[in-house]
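Asker: I have a structure I would like to understand better, so I am pasting it below and will then ask my questions one at a time.
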Amino acid sequence: MALTGSAFLALWNDVDTDVEADYERWHTSEHVPERVGIPGFLAGRRYRSGSPGQPRYFTLYEVADVTVFDSVAYRDVIDRPTPWSAAMRPRLRNVVRATCETAASTGNAAGEKEKPPVALACARFSCSQDAQPHSDSLLAACAALQGVRGVHLGAARSSVPSAFKQWSKTANPTHVLLIEGDAEAALCSAHAAIAVAIDAHGHAREPATINTYTLTFRIGHEQVDASLLRAPVHDCAPVASLPFDPTSGHT
């Protein structure tokens, strides 16, 4: 399936188990729609998996281009969280965040009668200095795997907003590979082959981290309720920041 826009934001996280139900309500009814309603954000998806040894949740935002991540409107929702968001942030765990420009992509938009892929394998890796993946070969190797419907490679931006530096304990990857398919189990079975493809064509300096999920929620920009849209913020307007807990996560 094709990605919309030319950039995306990838987020991995866990959440304290005692607030997991509240987290999913917040994520569905406020958090993701609030961000997808920002000009330049095109769609948002939440994926989930019960597989051990990996973050439970993965969130993907599709955006028009990378400049959206530097916009005043996006900075505003980060620096002025709603009360629900402020309460939820300290409960997030094992957060990894990567804003990416789409470097290469294969897969077509699903037709009217064709169901969109619901499974996603997410691989994050870092290349050696001055090395870049051989995008065409990497995508071709992954696209040839059974059940794969789309493959997308993102080049992560090296700059990280100061707010995120305070809580991110995991080094940001240089690249994120998204592999869409029809079943989580099938993509899990393909982990070894994906790792081989990255090793052969990705120029990664160490083994990639590969996680696989099933889609549980998706919303497009045009579907966001007007009540969740913030008033436009001007560049000259001061933005108040809340104190940040270095153990929490902000998305």
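We label chains A, B, ... in the order they appear in the structure tokens, count residues from 1 in each chain, and number ligands from 1 in the order shown.
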Can you tell me which residues surround range 206-212 of chain A at a distance of at most 12 Å, considering only C-alpha atoms, apart from same-chain residues fewer than 5 positions away, and format the answer as a PyMOL selection string?

Answerer: chain A and resi 11-13+47-59+96+118-128+172-200

Asker: Please return as a PyMOL selection string: the residues of range 39-123 of chain A that backbone DSSP assigns to strand (DSSP E).

Answerer: chain A and resi 41-48+57-63+92-106+119-123

Asker: Hey, which of A:Gly40, A:Pro232, A:Gly202, A:Pro117 ends up closest to Gly154 in chain A? Count only C-alpha atoms.

Answerer: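 For Gly154 in chain A, the nearest of the candidates is A:Gly202.
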
Asker: Which one of A:Ala73, A:Cys142, A:Ala87, A:Val32 sits closest to Thr106 in chain A if you count only C-alpha atoms?

Answerer: A:Cys142

Asker: Might you pull out every residue within 8 Å of range 100-102 of chain A, with only C-alpha atoms counted and same-chain residues fewer than 6 positions away left off, and present them as a list in words?

Answerer: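 The filter keeps Ser6, Ala7, Phe8, Leu9, Ala10, Asp65, Val66, His152, Leu153, Gly154, Ala155, Ala156, Arg157, His175 and Val176 of chain A.
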
Asker: For the residues selected in the previous step, produce a file with all heavy atoms as a compact mmCIF listing (two decimals), in the first residue's frame.

Answerer:
# COMPACT_ATOMS: atom_id res chain seq x y z
N SER A 6 5.36 12.75 1.67
CA SER A 6 6.77 12.41 1.42
C SER A 6 7.57 12.26 2.70
O SER A 6 8.80 12.24 2.67
CB SER A 6 7.41 13.51 0.55
OG SER A 6 7.43 14.74 1.23
N ALA A 7 6.89 12.14 3.83
CA ALA A 7 7.59 11.97 5.11
C ALA A 7 6.67 11.25 6.08
O ALA A 7 5.45 11.18 5.89
CB ALA A 7 8.02 13.32 5.67
N PHE A 8 7.27 10.71 7.16
CA PHE A 8 6.45 10.06 8.18
C PHE A 8 7.14 10.14 9.53
O PHE A 8 8.36 10.38 9.63
CB PHE A 8 6.14 8.60 7.80
CG PHE A 8 7.35 7.69 7.66
CD1 PHE A 8 7.88 7.03 8.76
CD2 PHE A 8 7.92 7.47 6.42
CE1 PHE A 8 8.97 6.18 8.63
CE2 PHE A 8 9.01 6.61 6.27
CZ PHE A 8 9.53 5.96 7.37
N LEU A 9 6.35 9.96 10.57
CA LEU A 9 6.84 9.92 11.94
C LEU A 9 6.54 8.53 12.48
O LEU A 9 5.40 8.07 12.45
CB LEU A 9 6.13 10.98 12.78
CG LEU A 9 6.31 10.93 14.30
CD1 LEU A 9 7.77 10.99 14.71
CD2 LEU A 9 5.52 12.07 14.96
N ALA A 10 7.58 7.84 12.95
CA ALA A 10 7.46 6.50 13.50
C ALA A 10 7.70 6.55 15.00
O ALA A 10 8.67 7.17 15.46
CB ALA A 10 8.46 5.56 12.83
N ASP A 65 5.34 16.67 4.13
CA ASP A 65 6.79 16.76 3.96
C ASP A 65 7.42 17.01 5.32
O ASP A 65 6.73 17.28 6.30
CB ASP A 65 7.18 17.85 2.95
CG ASP A 65 6.64 19.21 3.31
OD1 ASP A 65 7.02 19.75 4.37
OD2 ASP A 65 5.82 19.76 2.55
N VAL A 66 8.73 16.95 5.38
CA VAL A 66 9.42 17.04 6.68
C VAL A 66 9.30 18.40 7.34
O VAL A 66 9.51 18.51 8.56
CB VAL A 66 10.92 16.67 6.54
CG1 VAL A 66 11.08 15.21 6.20
CG2 VAL A 66 11.61 17.55 5.51
N HIS A 152 8.48 0.53 2.46
CA HIS A 152 8.80 1.96 2.49
C HIS A 152 10.06 2.18 3.32
O HIS A 152 10.16 1.65 4.43
CB HIS A 152 7.64 2.76 3.07
CG HIS A 152 6.29 2.28 2.63
ND1 HIS A 152 5.82 2.47 1.35
CD2 HIS A 152 5.35 1.56 3.29
CE1 HIS A 152 4.61 1.91 1.25
NE2 HIS A 152 4.31 1.34 2.41
N LEU A 153 10.98 2.93 2.81
CA LEU A 153 12.23 3.23 3.51
C LEU A 153 12.27 4.71 3.85
O LEU A 153 12.10 5.56 2.97
CB LEU A 153 13.44 2.86 2.66
CG LEU A 153 14.81 3.16 3.26
CD1 LEU A 153 15.06 2.31 4.50
CD2 LEU A 153 15.92 2.94 2.22
N GLY A 154 12.50 5.02 5.12
CA GLY A 154 12.61 6.40 5.55
C GLY A 154 14.00 6.72 6.05
O GLY A 154 14.62 5.90 6.75
N ALA A 155 14.52 7.88 5.67
CA ALA A 155 15.80 8.37 6.18
C ALA A 155 15.50 9.31 7.34
O ALA A 155 14.83 10.33 7.17
CB ALA A 155 16.56 9.10 5.08
N ALA A 156 15.97 8.95 8.52
CA ALA A 156 15.65 9.73 9.72
C ALA A 156 16.43 11.03 9.74
O ALA A 156 17.59 11.08 9.30
CB ALA A 156 15.94 8.91 10.97
N ARG A 157 15.80 12.05 10.26
CA ARG A 157 16.48 13.34 10.40
C ARG A 157 17.42 13.28 11.59
O ARG A 157 17.13 12.67 12.62
CB ARG A 157 15.45 14.45 10.62
CG ARG A 157 14.35 14.49 9.57
CD ARG A 157 13.26 15.46 9.95
NE ARG A 157 13.65 16.83 9.69
CZ ARG A 157 13.13 17.88 10.32
NH1 ARG A 157 12.26 17.70 11.28
NH2 ARG A 157 13.51 19.10 10.02
N HIS A 175 17.72 5.00 9.76
CA HIS A 175 16.73 4.59 8.77
C HIS A 175 15.63 3.74 9.42
O HIS A 175 15.89 3.02 10.40
CB HIS A 175 17.37 3.79 7.63
CG HIS A 175 18.26 4.62 6.77
ND1 HIS A 175 19.57 4.91 7.12
CD2 HIS A 175 18.03 5.25 5.59
CE1 HIS A 175 20.11 5.68 6.18
NE2 HIS A 175 19.20 5.90 5.26
N VAL A 176 14.44 3.86 8.87
CA VAL A 176 13.30 3.05 9.30
C VAL A 176 12.71 2.38 8.06
O VAL A 176 12.43 3.05 7.05
CB VAL A 176 12.23 3.91 9.99
CG1 VAL A 176 10.99 3.07 10.30
CG2 VAL A 176 12.77 4.53 11.27

Asker: Env of Gly5 in chain A: 8 Å cut, atoms = only C-alpha atoms, seq-sep filter 6 positions within chain, self excluded. Answer as JSON, numbers by chain.

Answerer: {"A": [42, 62, 63, 64, 65]}

Asker: Grab the residues selected above and save them as a compact mmCIF listing (two decimals), in the first residue's frame with N, CA, C and O atoms.

Answerer:
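Generated output (again_30.txt):
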# COMPACT_ATOMS: atom_id res chain seq x y z
N LEU A 42 -1.42 14.02 7.32
CA LEU A 42 -2.36 13.41 6.39
C LEU A 42 -3.14 12.24 6.97
O LEU A 42 -4.30 12.04 6.64
N GLU A 62 1.57 9.88 8.72
CA GLU A 62 1.96 10.24 7.36
C GLU A 62 1.79 11.76 7.21
O GLU A 62 0.74 12.31 7.57
N VAL A 63 2.82 12.44 6.71
CA VAL A 63 2.76 13.89 6.58
C VAL A 63 3.18 14.33 5.18
O VAL A 63 3.82 13.58 4.44
N ALA A 64 2.80 15.56 4.83
CA ALA A 64 3.06 16.06 3.49
C ALA A 64 4.55 16.13 3.19
O ALA A 64 5.00 15.71 2.13
N ASP A 65 5.34 16.67 4.13
CA ASP A 65 6.79 16.76 3.96
C ASP A 65 7.42 17.01 5.32
O ASP A 65 6.73 17.28 6.30

Asker: Please provide as a ChimeraX atom specification all residues within 12 Å of Asp18 in chain A, with the sequence filter that same-chain residues fewer than 5 positions apart are discarded (counting only C-alpha atoms).

Answerer: /A:23-24,88,91-92

Asker: Quick one: write out the picked residues with all heavy atoms as a PDB file, in the first residue's frame?

Answerer:
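Saved as selection18.pdb:
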ATOM      1  N   TYR A  23      -5.082   4.508  28.009  1.00  0.00           N
ATOM      2  CA  TYR A  23      -4.156   4.920  26.955  1.00  0.00           C
ATOM      3  C   TYR A  23      -4.792   4.752  25.580  1.00  0.00           C
ATOM      4  O   TYR A  23      -4.721   5.650  24.726  1.00  0.00           O
ATOM      5  CB  TYR A  23      -2.869   4.092  27.044  1.00  0.00           C
ATOM      6  CG  TYR A  23      -1.968   4.216  25.837  1.00  0.00           C
ATOM      7  CD1 TYR A  23      -1.091   5.290  25.706  1.00  0.00           C
ATOM      8  CD2 TYR A  23      -2.011   3.267  24.809  1.00  0.00           C
ATOM      9  CE1 TYR A  23      -0.273   5.410  24.584  1.00  0.00           C
ATOM     10  CE2 TYR A  23      -1.189   3.373  23.704  1.00  0.00           C
ATOM     11  CZ  TYR A  23      -0.324   4.448  23.591  1.00  0.00           C
ATOM     12  OH  TYR A  23       0.472   4.566  22.483  1.00  0.00           O
ATOM     13  N   GLU A  24      -5.426   3.620  25.339  1.00  0.00           N
ATOM     14  CA  GLU A  24      -6.022   3.379  24.040  1.00  0.00           C
ATOM     15  C   GLU A  24      -7.204   4.319  23.780  1.00  0.00           C
ATOM     16  O   GLU A  24      -7.408   4.766  22.648  1.00  0.00           O
ATOM     17  CB  GLU A  24      -6.424   1.916  23.904  1.00  0.00           C
ATOM     18  CG  GLU A  24      -5.211   0.985  23.888  1.00  0.00           C
ATOM     19  CD  GLU A  24      -5.532  -0.429  23.420  1.00  0.00           C
ATOM     20  OE1 GLU A  24      -6.702  -0.674  23.037  1.00  0.00           O
ATOM     21  OE2 GLU A  24      -4.623  -1.275  23.424  1.00  0.00           O
ATOM     22  N   MET A  88      -1.071  11.457  30.769  1.00  0.00           N
ATOM     23  CA  MET A  88      -0.665  10.196  30.153  1.00  0.00           C
ATOM     24  C   MET A  88       0.831  10.131  29.868  1.00  0.00           C
ATOM     25  O   MET A  88       1.444   9.059  29.934  1.00  0.00           O
ATOM     26  CB  MET A  88      -1.447   9.986  28.854  1.00  0.00           C
ATOM     27  CG  MET A  88      -1.327   8.605  28.255  1.00  0.00           C
ATOM     28  SD  MET A  88      -1.877   7.283  29.363  1.00  0.00           S
ATOM     29  CE  MET A  88      -3.622   7.722  29.533  1.00  0.00           C
ATOM     30  N   ARG A  91       3.294   8.037  31.856  1.00  0.00           N
ATOM     31  CA  ARG A  91       3.010   6.607  31.920  1.00  0.00           C
ATOM     32  C   ARG A  91       3.549   5.844  30.713  1.00  0.00           C
ATOM     33  O   ARG A  91       3.448   4.623  30.663  1.00  0.00           O
ATOM     34  CB  ARG A  91       1.488   6.374  32.027  1.00  0.00           C
ATOM     35  CG  ARG A  91       0.797   7.193  33.107  1.00  0.00           C
ATOM     36  CD  ARG A  91       1.416   7.011  34.498  1.00  0.00           C
ATOM     37  NE  ARG A  91       1.329   5.664  34.992  1.00  0.00           N
ATOM     38  CZ  ARG A  91       0.269   5.183  35.666  1.00  0.00           C
ATOM     39  NH1 ARG A  91      -0.771   5.950  35.899  1.00  0.00           N
ATOM     40  NH2 ARG A  91       0.271   3.939  36.104  1.00  0.00           N
ATOM     41  N   LEU A  92       4.114   6.564  29.744  1.00  0.00           N
ATOM     42  CA  LEU A  92       4.696   5.909  28.573  1.00  0.00           C
ATOM     43  C   LEU A  92       6.088   5.371  28.912  1.00  0.00           C
ATOM     44  O   LEU A  92       6.811   5.956  29.707  1.00  0.00           O
ATOM     45  CB  LEU A  92       4.794   6.880  27.404  1.00  0.00           C
ATOM     46  CG  LEU A  92       3.501   7.557  26.936  1.00  0.00           C
ATOM     47  CD1 LEU A  92       3.778   8.441  25.737  1.00  0.00           C
ATOM     48  CD2 LEU A  92       2.429   6.532  26.618  1.00  0.00           C
TER      49      LEU A  92
END

Asker: To one decimal in Å, tell me the separation between CA of Phe217 in chain A and CA of Arg46 in chain A.

Answerer: 5.1 Å

Asker: Excluding same-chain residues fewer than 5 positions from range 219-223 of chain A, what lies within 12 Å of it counting only C-alpha atoms, as a PyMOL selection string?

Answerer: chain A and resi 4+27-46+59-64+228-229

Asker: CA of Val233 in chain A and CA of Tyr74 in chain A, how far apart in Å?

Answerer: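 About the pair CA of Tyr74 in chain A and CA of Val233 in chain A: they are 9.7 Å apart.
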